[in-house]
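K.L.:
Next comes the structure file model_15.pdb, holding PDB, C-alpha atoms.
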```pdb
MODEL        1
ATOM      1  CA  MET A   1       1.719   4.496 -24.843  1.00  0.00           C
ATOM      2  CA  SER A   2      -1.062   2.286 -23.498  1.00  0.00           C
ATOM      3  CA  ARG A   3      -2.635   2.667 -20.073  1.00  0.00           C
ATOM      4  CA  THR A   4      -0.742  -0.432 -18.930  1.00  0.00           C
ATOM      5  CA  GLY A   5       2.491   1.135 -20.164  1.00  0.00           C
ATOM      6  CA  TRP A   6       1.878   4.310 -18.181  1.00  0.00           C
ATOM      7  CA  ARG A   7       1.134   2.226 -15.081  1.00  0.00           C
ATOM      8  CA  ALA A   8       4.426   0.340 -15.503  1.00  0.00           C
ATOM      9  CA  LEU A   9       6.261   3.624 -16.009  1.00  0.00           C
ATOM     10  CA  PHE A  10       4.736   5.081 -12.849  1.00  0.00           C
ATOM     11  CA  ALA A  11       5.595   1.878 -10.947  1.00  0.00           C
ATOM     12  CA  ALA A  12       9.282   2.328 -11.885  1.00  0.00           C
ATOM     13  CA  LEU A  13       9.490   5.750 -10.217  1.00  0.00           C
ATOM     14  CA  PRO A  14       9.772   4.605  -6.547  1.00  0.00           C
ATOM     15  CA  ASP A  15      12.547   2.130  -7.396  1.00  0.00           C
ATOM     16  CA  GLY A  16      14.402   4.806  -9.364  1.00  0.00           C
ATOM     17  CA  LEU A  17      14.176   7.237  -6.446  1.00  0.00           C
ATOM     18  CA  THR A  18      15.323   4.544  -3.994  1.00  0.00           C
ATOM     19  CA  ALA A  19      18.306   3.678  -6.203  1.00  0.00           C
ATOM     20  CA  ALA A  20      19.188   7.371  -6.364  1.00  0.00           C
ATOM     21  CA  ALA A  21      18.960   7.614  -2.559  1.00  0.00           C
ATOM     22  CA  PHE A  22      21.395   4.703  -2.144  1.00  0.00           C
ATOM     23  CA  ALA A  23      23.764   6.314  -4.644  1.00  0.00           C
ATOM     24  CA  ALA A  24      23.558   9.596  -2.725  1.00  0.00           C
ATOM     25  CA  ILE A  25      24.448   7.820   0.543  1.00  0.00           C
ATOM     26  CA  TRP A  26      27.370   6.121  -1.208  1.00  0.00           C
ATOM     27  CA  LEU A  27      28.717   9.541  -2.223  1.00  0.00           C
ATOM     28  CA  SER A  28      27.808  11.331   1.022  1.00  0.00           C
ATOM     29  CA  PRO A  29      26.904   8.932   3.866  1.00  0.00           C
ATOM     30  CA  PHE A  30      25.269  11.588   6.045  1.00  0.00           C
ATOM     31  CA  VAL A  31      23.187  13.206   3.327  1.00  0.00           C
ATOM     32  CA  PHE A  32      19.997  11.892   5.001  1.00  0.00           C
ATOM     33  CA  GLY A  33      21.263  12.205   8.557  1.00  0.00           C
ATOM     34  CA  GLU A  34      23.444  10.168  10.887  1.00  0.00           C
ATOM     35  CA  ALA A  35      21.254   7.065  10.574  1.00  0.00           C
ATOM     36  CA  GLY A  36      21.305   7.031   6.762  1.00  0.00           C
ATOM     37  CA  VAL A  37      23.713   4.108   6.316  1.00  0.00           C
ATOM     38  CA  ARG A  38      22.096   2.023   9.044  1.00  0.00           C
ATOM     39  CA  THR A  39      18.612   2.625   7.658  1.00  0.00           C
ATOM     40  CA  ALA A  40      19.741   1.715   4.134  1.00  0.00           C
ATOM     41  CA  MET A  41      21.228  -1.526   5.447  1.00  0.00           C
ATOM     42  CA  LEU A  42      17.965  -2.340   7.228  1.00  0.00           C
ATOM     43  CA  VAL A  43      16.044  -1.642   3.998  1.00  0.00           C
ATOM     44  CA  MET A  44      18.067  -4.306   2.174  1.00  0.00           C
ATOM     45  CA  LEU A  45      17.552  -6.837   4.970  1.00  0.00           C
ATOM     46  CA  LEU A  46      13.830  -6.122   5.052  1.00  0.00           C
ATOM     47  CA  GLU A  47      13.667  -6.418   1.262  1.00  0.00           C
ATOM     48  CA  PHE A  48      14.969  -9.991   1.530  1.00  0.00           C
ATOM     49  CA  PHE A  49      12.129 -10.912   3.892  1.00  0.00           C
ATOM     50  CA  LEU A  50       9.565  -9.171   1.705  1.00  0.00           C
ATOM     51  CA  ILE A  51      10.698 -11.003  -1.437  1.00  0.00           C
ATOM     52  CA  HIS A  52      10.636 -14.321   0.421  1.00  0.00           C
ATOM     53  CA  ALA A  53       7.248 -13.642   1.998  1.00  0.00           C
ATOM     54  CA  THR A  54       5.680 -12.361  -1.211  1.00  0.00           C
ATOM     55  CA  GLY A  55       6.478 -15.650  -2.934  1.00  0.00           C
ATOM     56  CA  PHE A  56       4.507 -17.616  -0.334  1.00  0.00           C
ATOM     57  CA  PHE A  57       1.727 -15.051  -0.139  1.00  0.00           C
ATOM     58  CA  THR A  58       1.300 -15.111  -3.900  1.00  0.00           C
ATOM     59  CA  ALA A  59       1.145 -18.912  -3.891  1.00  0.00           C
ATOM     60  CA  PHE A  60      -1.624 -18.862  -1.271  1.00  0.00           C
ATOM     61  CA  VAL A  61      -3.585 -16.127  -3.029  1.00  0.00           C
ATOM     62  CA  MET A  62      -3.437 -17.846  -6.422  1.00  0.00           C
ATOM     63  CA  ALA A  63      -4.093 -21.383  -5.144  1.00  0.00           C
ATOM     64  CA  PRO A  64      -7.039 -22.506  -7.333  1.00  0.00           C
ATOM     65  CA  GLY A  65      -8.450 -25.181  -5.032  1.00  0.00           C
ATOM     66  CA  LEU A  66      -8.124 -23.361  -1.716  1.00  0.00           C
ATOM     67  CA  ALA A  67     -11.220 -21.759  -0.175  1.00  0.00           C
ATOM     68  CA  ARG A  68     -11.063 -18.059   0.634  1.00  0.00           C
ATOM     69  CA  GLY A  69     -11.228 -18.632   4.375  1.00  0.00           C
ATOM     70  CA  ARG A  70      -8.321 -21.067   4.283  1.00  0.00           C
ATOM     71  CA  ARG A  71      -6.279 -18.673   2.159  1.00  0.00           C
ATOM     72  CA  VAL A  72      -6.834 -15.910   4.707  1.00  0.00           C
ATOM     73  CA  ALA A  73      -5.884 -18.246   7.570  1.00  0.00           C
ATOM     74  CA  ALA A  74      -2.735 -19.374   5.734  1.00  0.00           C
ATOM     75  CA  ILE A  75      -1.667 -15.776   5.089  1.00  0.00           C
ATOM     76  CA  LEU A  76      -2.267 -14.750   8.712  1.00  0.00           C
ATOM     77  CA  GLY A  77      -0.392 -17.800  10.034  1.00  0.00           C
ATOM     78  CA  LEU A  78       2.565 -17.150   7.766  1.00  0.00           C
ATOM     79  CA  SER A  79       2.463 -13.462   8.702  1.00  0.00           C
ATOM     80  CA  LEU A  80       2.930 -14.336  12.369  1.00  0.00           C
ATOM     81  CA  PHE A  81       6.059 -16.329  11.500  1.00  0.00           C
ATOM     82  CA  TYR A  82       7.583 -13.467   9.509  1.00  0.00           C
ATOM     83  CA  LEU A  83       6.458 -10.922  12.082  1.00  0.00           C
ATOM     84  CA  LEU A  84       8.570 -12.626  14.747  1.00  0.00           C
ATOM     85  CA  MET A  85      11.679 -12.593  12.541  1.00  0.00           C
ATOM     86  CA  ILE A  86      11.225  -9.026  11.347  1.00  0.00           C
ATOM     87  CA  GLY A  87      10.443  -7.917  14.896  1.00  0.00           C
ATOM     88  CA  ALA A  88      13.752  -9.359  16.099  1.00  0.00           C
ATOM     89  CA  LEU A  89      15.563  -7.667  13.208  1.00  0.00           C
ATOM     90  CA  ALA A  90      13.894  -4.318  13.883  1.00  0.00           C
ATOM     91  CA  SER A  91      14.682  -4.594  17.591  1.00  0.00           C
ATOM     92  CA  SER A  92      18.372  -5.211  16.914  1.00  0.00           C
ATOM     93  CA  PHE A  93      18.496  -1.986  14.897  1.00  0.00           C
ATOM     94  CA  GLY A  94      16.353  -0.062  17.371  1.00  0.00           C
ATOM     95  CA  GLU A  95      13.731   0.657  14.689  1.00  0.00           C
ATOM     96  CA  TRP A  96       9.993  -0.036  14.497  1.00  0.00           C
ATOM     97  CA  TRP A  97       9.052   1.022  10.952  1.00  0.00           C
ATOM     98  CA  PRO A  98       9.845  -2.414   9.400  1.00  0.00           C
ATOM     99  CA  LEU A  99       6.822  -3.788  11.269  1.00  0.00           C
ATOM    100  CA  LEU A 100       4.604  -1.190   9.605  1.00  0.00           C
ATOM    101  CA  ALA A 101       6.083  -2.007   6.202  1.00  0.00           C
ATOM    102  CA  PHE A 102       5.385  -5.695   6.692  1.00  0.00           C
ATOM    103  CA  GLY A 103       1.885  -4.978   7.952  1.00  0.00           C
ATOM    104  CA  TRP A 104       1.231  -3.036   4.744  1.00  0.00           C
ATOM    105  CA  LEU A 105       2.358  -6.034   2.704  1.00  0.00           C
ATOM    106  CA  VAL A 106      -0.007  -8.346   4.598  1.00  0.00           C
ATOM    107  CA  ALA A 107      -2.915  -5.929   4.168  1.00  0.00           C
ATOM    108  CA  ALA A 108      -2.250  -5.731   0.439  1.00  0.00           C
ATOM    109  CA  LYS A 109      -2.249  -9.514   0.090  1.00  0.00           C
ATOM    110  CA  LEU A 110      -5.482  -9.891   2.070  1.00  0.00           C
ATOM    111  CA  ALA A 111      -7.104  -7.283  -0.164  1.00  0.00           C
ATOM    112  CA  TRP A 112      -5.914  -9.314  -3.159  1.00  0.00           C
ATOM    113  CA  VAL A 113      -7.701 -12.387  -1.774  1.00  0.00           C
ATOM    114  CA  PHE A 114     -11.047 -10.564  -1.616  1.00  0.00           C
ATOM    115  CA  ALA A 115     -10.685  -8.655  -4.874  1.00  0.00           C
ATOM    116  CA  ARG A 116      -8.788 -11.100  -7.049  1.00  0.00           C
ATOM    117  CA  ARG A 117      -9.886 -11.654 -10.609  1.00  0.00           C
ATOM    118  CA  PRO A 118     -10.384 -15.114 -12.115  1.00  0.00           C
ATOM    119  CA  ALA A 119      -7.383 -17.418 -12.325  1.00  0.00           C
ATOM    120  CA  GLY A 120      -5.201 -16.886 -15.361  1.00  0.00           C
ATOM    121  CA  ASP A 121      -5.797 -13.132 -15.416  1.00  0.00           C
ATOM    122  CA  GLU A 122      -3.030 -11.139 -17.085  1.00  0.00           C
ATOM    123  CA  GLU A 123      -2.458  -9.115 -13.914  1.00  0.00           C
ATOM    124  CA  ASP A 124      -1.638 -12.337 -12.039  1.00  0.00           C
ATOM    125  CA  ASP A 125       0.963 -13.190 -14.677  1.00  0.00           C
ATOM    126  CA  ARG A 126       2.573  -9.787 -14.379  1.00  0.00           C
ATOM    127  CA  GLY A 127       2.667 -10.074 -10.588  1.00  0.00           C
ATOM    128  CA  ALA A 128       4.374 -13.467 -10.724  1.00  0.00           C
ATOM    129  CA  ILE A 129       6.921 -12.208 -13.276  1.00  0.00           C
ATOM    130  CA  ALA A 130       7.645  -9.115 -11.180  1.00  0.00           C
ATOM    131  CA  TRP A 131       8.202 -11.238  -8.064  1.00  0.00           C
ATOM    132  CA  ALA A 132      10.548 -13.609  -9.908  1.00  0.00           C
ATOM    133  CA  GLY A 133      12.424 -10.667 -11.413  1.00  0.00           C
ATOM    134  CA  SER A 134      12.932  -9.048  -8.021  1.00  0.00           C
ATOM    135  CA  GLY A 135      14.346 -12.304  -6.643  1.00  0.00           C
ATOM    136  CA  VAL A 136      16.785 -12.645  -9.538  1.00  0.00           C
ATOM    137  CA  ALA A 137      17.825  -8.981  -9.195  1.00  0.00           C
ATOM    138  CA  TYR A 138      18.447  -9.451  -5.463  1.00  0.00           C
ATOM    139  CA  VAL A 139      20.648 -12.503  -5.969  1.00  0.00           C
ATOM    140  CA  LEU A 140      22.593 -10.871  -8.812  1.00  0.00           C
ATOM    141  CA  GLY A 141      23.091  -7.690  -6.817  1.00  0.00           C
ATOM    142  CA  ALA A 142      24.266  -9.612  -3.756  1.00  0.00           C
ATOM    143  CA  PHE A 143      26.900 -11.547  -5.720  1.00  0.00           C
ATOM    144  CA  ALA A 144      28.006  -8.532  -7.735  1.00  0.00           C
ATOM    145  CA  THR A 145      28.764  -6.509  -4.599  1.00  0.00           C
ATOM    146  CA  ALA A 146      30.079  -9.292  -2.340  1.00  0.00           C
ATOM    147  CA  VAL A 147      33.022 -10.625  -4.358  1.00  0.00           C
ATOM    148  CA  PRO A 148      34.761  -7.868  -6.353  1.00  0.00           C
ATOM    149  CA  PRO A 149      36.249  -4.786  -4.663  1.00  0.00           C
ATOM    150  CA  VAL A 150      33.703  -2.007  -4.150  1.00  0.00           C
ATOM    151  CA  PRO A 151      35.056   1.539  -3.865  1.00  0.00           C
ATOM    152  CA  ARG A 152      34.184   3.440  -0.724  1.00  0.00           C
ATOM    153  CA  LEU A 153      33.618   6.777  -2.513  1.00  0.00           C
ATOM    154  CA  GLY A 154      32.396   9.077   0.267  1.00  0.00           C
ATOM    155  CA  MET A 155      32.087   6.282   2.837  1.00  0.00           C
ATOM    156  CA  THR A 156      35.655   6.564   4.093  1.00  0.00           C
ATOM    157  CA  GLU A 157      37.083   4.583   6.984  1.00  0.00           C
ATOM    158  CA  ALA A 158      37.458   7.816   8.942  1.00  0.00           C
ATOM    159  CA  LEU A 159      33.688   8.430   8.761  1.00  0.00           C
ATOM    160  CA  GLN A 160      32.645   4.813   9.358  1.00  0.00           C
ATOM    161  CA  PRO A 161      32.502   5.001  13.200  1.00  0.00           C
ATOM    162  CA  GLY A 162      29.727   7.561  12.785  1.00  0.00           C
ATOM    163  CA  PHE A 163      27.481   5.241  10.786  1.00  0.00           C
ATOM    164  CA  GLY A 164      25.977   3.770  13.976  1.00  0.00           C
ATOM    165  CA  LEU A 165      26.569   0.124  13.043  1.00  0.00           C
ATOM    166  CA  GLY A 166      27.889  -0.887  16.464  1.00  0.00           C
ATOM    167  CA  ASP A 167      31.400  -1.680  17.616  1.00  0.00           C
ATOM    168  CA  ASP A 168      30.719  -5.357  18.345  1.00  0.00           C
ATOM    169  CA  ALA A 169      29.017  -6.160  15.043  1.00  0.00           C
ATOM    170  CA  GLY A 170      30.946  -8.092  12.417  1.00  0.00           C
ATOM    171  CA  GLY A 171      30.543  -9.381   8.906  1.00  0.00           C
ATOM    172  CA  LEU A 172      31.164  -8.163   5.400  1.00  0.00           C
ATOM    173  CA  TRP A 173      28.450  -5.498   5.409  1.00  0.00           C
ATOM    174  CA  MET A 174      29.508  -4.211   8.818  1.00  0.00           C
ATOM    175  CA  ASP A 175      33.210  -4.113   7.959  1.00  0.00           C
ATOM    176  CA  GLU A 176      32.693  -2.691   4.467  1.00  0.00           C
ATOM    177  CA  PRO A 177      29.286  -0.962   4.537  1.00  0.00           C
ATOM    178  CA  GLN A 178      29.827   0.530   1.094  1.00  0.00           C
ATOM    179  CA  ARG A 179      29.038  -2.939  -0.272  1.00  0.00           C
ATOM    180  CA  VAL A 180      25.455  -2.975   0.987  1.00  0.00           C
ATOM    181  CA  ILE A 181      24.916   0.596  -0.217  1.00  0.00           C
ATOM    182  CA  ALA A 182      26.221  -0.332  -3.670  1.00  0.00           C
ATOM    183  CA  PHE A 183      23.985  -3.418  -3.499  1.00  0.00           C
ATOM    184  CA  GLY A 184      20.938  -1.242  -2.865  1.00  0.00           C
ATOM    185  CA  ALA A 185      21.773   1.140  -5.696  1.00  0.00           C
ATOM    186  CA  LEU A 186      22.256  -1.779  -8.101  1.00  0.00           C
ATOM    187  CA  TYR A 187      19.216  -3.765  -6.954  1.00  0.00           C
ATOM    188  CA  PHE A 188      16.694  -0.942  -7.066  1.00  0.00           C
ATOM    189  CA  GLY A 189      18.285   0.307 -10.274  1.00  0.00           C
ATOM    190  CA  LEU A 190      17.668  -3.095 -11.871  1.00  0.00           C
ATOM    191  CA  LEU A 191      14.054  -3.069 -10.687  1.00  0.00           C
ATOM    192  CA  CYS A 192      13.588   0.393 -12.158  1.00  0.00           C
ATOM    193  CA  LEU A 193      15.153  -0.663 -15.454  1.00  0.00           C
ATOM    194  CA  GLY A 194      12.969  -3.770 -15.644  1.00  0.00           C
ATOM    195  CA  LYS A 195       9.804  -1.740 -15.116  1.00  0.00           C
ATOM    196  CA  LEU A 196      10.895   0.840 -17.687  1.00  0.00           C
ATOM    197  CA  LEU A 197      11.410  -1.952 -20.204  1.00  0.00           C
ATOM    198  CA  ALA A 198       7.981  -3.310 -19.295  1.00  0.00           C
ATOM    199  CA  ALA A 199       6.527   0.136 -19.928  1.00  0.00           C
ATOM    200  CA  LEU A 200       8.299   0.298 -23.271  1.00  0.00           C
ATOM    201  CA  PHE A 201       7.087  -3.074 -24.518  1.00  0.00           C
ATOM    202  CA  SER A 202       3.583  -2.729 -23.112  1.00  0.00           C
ATOM    203  CA  GLY A 203       3.351   0.555 -24.969  1.00  0.00           C
ATOM    204  CA  LYS A 204       3.281  -1.376 -28.220  1.00  0.00           C
ATOM    205  CA  GLU A 205      -0.378  -2.051 -28.688  1.00  0.00           C
ATOM    206  CA  LYS A 206      -1.367  -5.438 -30.020  1.00  0.00           C
ATOM    207  CA  PRO A 207      -2.938  -5.207 -33.477  1.00  0.00           C
ATOM    208  CA  ARG A 208      -6.705  -5.320 -33.367  1.00  0.00           C
ATOM    209  CA  PRO A 209      -8.362  -8.079 -35.389  1.00  0.00           C
ATOM    210  CA  GLU A 210     -10.131  -6.930 -38.496  1.00  0.00           C
ATOM    211  CA  PRO A 211     -13.908  -7.314 -38.690  1.00  0.00           C
ATOM    212  CA  GLY A 212     -14.813 -10.885 -39.486  1.00  0.00           C
ATOM    213  CA  SER A 213     -11.377 -12.182 -38.487  1.00  0.00           C
ATOM    214  CA  LEU A 214     -11.125 -15.218 -36.224  1.00  0.00           C
ATOM    215  CA  VAL A 215      -7.910 -13.992 -34.546  1.00  0.00           C
TER     216      VAL A 215
ENDMDL
END
```
Written as structure tokens, that's how I'd like the structure from this file.
P.N.:
Amino acid sequence: MSRTGWRALFAALPDGLTAAAFAAIWLSPFVFGEAGVRTAMLVMLLEFFLIHATGFFTAFVMAPGLARGRRVAAILGLSLFYLLMIGALASSFGEWWPLLAFGWLVAAKLAWVFARRPAGDEEDDRGAIAWAGSGVAYVLGAFATAVPPVPRLGMTEALQPGFGLGDDAGGLWMDEPQRVIAFGALYFGLLCLGKLLAALFSGKEKPRPEPGSLV
């Protein structure tokens, strides 16, 4: 397998572990503590913002006619907008770690601005494909777990009051929290599968041109 293939294989590991964690919560909702279901739900909400933000960040970073200073200013301005929304979301759940996660995303994009390779680089293409794939996987996972019946497995109605979702909250995910957990298992499982396939196909080395060949 090529070096790129091993990198893609390694990149699939976190998504595979996250999918397994969601599946474990589905089977045993308190396997990671009393806040396991609530935290998993917040992860899926934060993932929506990250996918949305990454699309704009990538567009700013890859803009060919935009000076570096303006790209940095655009990223920081957009970050403030998302920071307000994610801050409100984190506050409603009584959590602060989503702000750190978003700050890490912003730092990574700023580093990309200062260390980016020339336009048209293969790494840019892979990044754009990965972002598009994550968006498609999110939409597919949302529809697949919102319409058909989703079994509760270990997340029984008797245990649901202990999930810490709040008595006044409403909505499909709040009433049937097994749906968002199944969503997470499916979504991160699809991401893992996509990266494994990328590792498989990138492991096939392109044939080297023979000496004197023009191709």
K.L.:
Name the residues, using the chain letters and numbers of the file, that sit within 10 Å of (24.8, -8.6, -4.5) when counting only C-alpha atoms, and give them as a list of chain:residue names.
P.N.:
A:Ala137, A:Tyr138, A:Val139, A:Leu140, A:Gly141, A:Ala142, A:Phe143, A:Ala144, A:Thr145, A:Ala146, A:Val147, A:Arg179, A:Val180, A:Ala182, A:Phe183, A:Gly184, A:Leu186, A:Tyr187
K.L.:
Can you work out which one of A:Ala21, A:Leu190, A:Ala12, A:Leu99 has the shortest atom-to-atom distance to Ala40 (chain A), counting only C-alpha atoms?
P.N.:
A:Ala21
K.L.:
Please report the interatomic distance between CA of Phe188 (chain A) and CA of Leu89 (chain A) in Å with one decimal.
P.N.:
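Distance reported for this atom pair: 21.4 Å.
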K.L.:
Rounded to one decimal, what separation in Å do you get between CA of Met44 (chain A) and CA of Ala199 (chain A)?
P.N.:
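Those two atoms sit 25.3 Å apart.
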K.L.:
Please identify all polymer residues lying at most 12 Å from the point (20.9, 6.0, 10.8) (file coordinates), using all atoms listed in the file, and present the result as JSON, numbers by chain.
P.N.:
{"A": [25, 29, 30, 31, 32, 33, 34, 35, 36, 37, 38, 39, 40, 41, 42, 43, 93, 94, 95, 160, 161, 162, 163, 164, 165, 166]}
K.L.:
Based on the selection just made, write C-alpha atoms of those residues as a compact mmCIF listing (two decimals), in the coordinates of the input.
P.N.:
```txt
# COMPACT_ATOMS: atom_id res chain seq x y z
CA ILE A 25 24.45 7.82 0.54
CA PRO A 29 26.90 8.93 3.87
CA PHE A 30 25.27 11.59 6.04
CA VAL A 31 23.19 13.21 3.33
CA PHE A 32 20.00 11.89 5.00
CA GLY A 33 21.26 12.20 8.56
CA GLU A 34 23.44 10.17 10.89
CA ALA A 35 21.25 7.06 10.57
CA GLY A 36 21.30 7.03 6.76
CA VAL A 37 23.71 4.11 6.32
CA ARG A 38 22.10 2.02 9.04
CA THR A 39 18.61 2.62 7.66
CA ALA A 40 19.74 1.72 4.13
CA MET A 41 21.23 -1.53 5.45
CA LEU A 42 17.96 -2.34 7.23
CA VAL A 43 16.04 -1.64 4.00
CA PHE A 93 18.50 -1.99 14.90
CA GLY A 94 16.35 -0.06 17.37
CA GLU A 95 13.73 0.66 14.69
CA GLN A 160 32.65 4.81 9.36
CA PRO A 161 32.50 5.00 13.20
CA GLY A 162 29.73 7.56 12.78
CA PHE A 163 27.48 5.24 10.79
CA GLY A 164 25.98 3.77 13.98
CA LEU A 165 26.57 0.12 13.04
CA GLY A 166 27.89 -0.89 16.46
```
K.L.:
Which value, in Å to one decimal, gives the distance between CA of Gly16 (chain A) and CA of Met174 (chain A)?
P.N.:
25.3 Å
K.L.:
Calculated over all atoms listed in the file, which of the candidates A:Trp173, A:Phe81, A:Cys192, A:Gly154 has the smallest distance to Ala23 (chain A)?
P.N.:
A:Gly154
K.L.:
From the options A:Pro149, A:Pro14, A:Ala53, A:Trp97, which residue's atoms come nearest to Gly77 (chain A), counting all atoms listed in the file?
P.N.:
A:Ala53
K.L.:
Would you please work out which residue, of A:Leu46, A:Leu172, A:Ile129, A:Ala74, is nearest to Trp96 (chain A) when using all atoms listed in the file?
P.N.:
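Checking each of A:Leu46, A:Leu172, A:Ile129, A:Ala74 against Trp96 (chain A), counting all atoms listed in the file, the winner is A:Leu46.
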K.L.:
With only C-alpha atoms as the basis for distance, which of A:Leu83, A:Ala67, A:Ala20, A:Ala185 is at the shortest distance from Gly103 (chain A)?
P.N.:
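Using only C-alpha atoms, the shortest distance to Gly103 (chain A) belongs to A:Leu83.
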K.L.:
Written as a list of chain:residue names, which residues does the PyMOL selection byres ((chain A and resi 82) around 10) give for the file shown?
P.N.:
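Selected by the PyMOL selection byres ((chain A and resi 82) around 10) in this file: A:Phe49, A:Leu50, A:His52, A:Ala53, A:Leu76, A:Gly77, A:Leu78, A:Ser79, A:Leu80, A:Phe81, A:Leu83, A:Leu84, A:Met85, A:Ile86, A:Gly87, A:Ala88, A:Leu99, A:Phe102.
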K.L.:
Could you rebuild region 136-142 of chain A with all heavy atoms and give me the result as a PDB file, keeping the file's coordinate frame?
P.N.:
```
ATOM      1  N   VAL A 136      15.576 -12.521  -8.717  1.00  0.00           N
ATOM      2  CA  VAL A 136      16.785 -12.645  -9.538  1.00  0.00           C
ATOM      3  C   VAL A 136      17.671 -11.415  -9.359  1.00  0.00           C
ATOM      4  O   VAL A 136      18.894 -11.525  -9.210  1.00  0.00           O
ATOM      5  CB  VAL A 136      16.408 -12.827 -11.023  1.00  0.00           C
ATOM      6  CG1 VAL A 136      17.654 -12.732 -11.911  1.00  0.00           C
ATOM      7  CG2 VAL A 136      15.731 -14.175 -11.232  1.00  0.00           C
ATOM      8  N   ALA A 137      17.060 -10.215  -9.356  1.00  0.00           N
ATOM      9  CA  ALA A 137      17.825  -8.981  -9.195  1.00  0.00           C
ATOM     10  C   ALA A 137      18.522  -8.942  -7.834  1.00  0.00           C
ATOM     11  O   ALA A 137      19.662  -8.483  -7.718  1.00  0.00           O
ATOM     12  CB  ALA A 137      16.915  -7.771  -9.362  1.00  0.00           C
ATOM     13  N   TYR A 138      17.857  -9.453  -6.802  1.00  0.00           N
ATOM     14  CA  TYR A 138      18.447  -9.451  -5.463  1.00  0.00           C
ATOM     15  C   TYR A 138      19.667 -10.365  -5.411  1.00  0.00           C
ATOM     16  O   TYR A 138      20.716  -9.994  -4.871  1.00  0.00           O
ATOM     17  CB  TYR A 138      17.406  -9.888  -4.438  1.00  0.00           C
ATOM     18  CG  TYR A 138      17.768  -9.543  -3.008  1.00  0.00           C
ATOM     19  CD1 TYR A 138      17.300  -8.373  -2.431  1.00  0.00           C
ATOM     20  CD2 TYR A 138      18.561 -10.395  -2.239  1.00  0.00           C
ATOM     21  CE1 TYR A 138      17.618  -8.043  -1.116  1.00  0.00           C
ATOM     22  CE2 TYR A 138      18.884 -10.076  -0.939  1.00  0.00           C
ATOM     23  CZ  TYR A 138      18.413  -8.902  -0.379  1.00  0.00           C
ATOM     24  OH  TYR A 138      18.750  -8.589   0.909  1.00  0.00           O
ATOM     25  N   VAL A 139      19.530 -11.549  -5.971  1.00  0.00           N
ATOM     26  CA  VAL A 139      20.648 -12.503  -5.969  1.00  0.00           C
ATOM     27  C   VAL A 139      21.816 -11.955  -6.789  1.00  0.00           C
ATOM     28  O   VAL A 139      22.981 -12.004  -6.354  1.00  0.00           O
ATOM     29  CB  VAL A 139      20.198 -13.869  -6.515  1.00  0.00           C
ATOM     30  CG1 VAL A 139      21.394 -14.797  -6.692  1.00  0.00           C
ATOM     31  CG2 VAL A 139      19.187 -14.505  -5.574  1.00  0.00           C
ATOM     32  N   LEU A 140      21.528 -11.423  -7.966  1.00  0.00           N
ATOM     33  CA  LEU A 140      22.593 -10.871  -8.812  1.00  0.00           C
ATOM     34  C   LEU A 140      23.288  -9.701  -8.122  1.00  0.00           C
ATOM     35  O   LEU A 140      24.523  -9.606  -8.134  1.00  0.00           O
ATOM     36  CB  LEU A 140      22.009 -10.415 -10.147  1.00  0.00           C
ATOM     37  CG  LEU A 140      21.572 -11.506 -11.122  1.00  0.00           C
ATOM     38  CD1 LEU A 140      20.954 -10.893 -12.369  1.00  0.00           C
ATOM     39  CD2 LEU A 140      22.758 -12.394 -11.514  1.00  0.00           C
ATOM     40  N   GLY A 141      22.503  -8.829  -7.509  1.00  0.00           N
ATOM     41  CA  GLY A 141      23.091  -7.690  -6.817  1.00  0.00           C
ATOM     42  C   GLY A 141      23.946  -8.112  -5.638  1.00  0.00           C
ATOM     43  O   GLY A 141      25.009  -7.524  -5.389  1.00  0.00           O
ATOM     44  N   ALA A 142      23.498  -9.135  -4.907  1.00  0.00           N
ATOM     45  CA  ALA A 142      24.266  -9.612  -3.756  1.00  0.00           C
ATOM     46  C   ALA A 142      25.618 -10.162  -4.188  1.00  0.00           C
ATOM     47  O   ALA A 142      26.656  -9.846  -3.586  1.00  0.00           O
ATOM     48  CB  ALA A 142      23.464 -10.678  -3.011  1.00  0.00           C
TER      49      ALA A 142
END
```
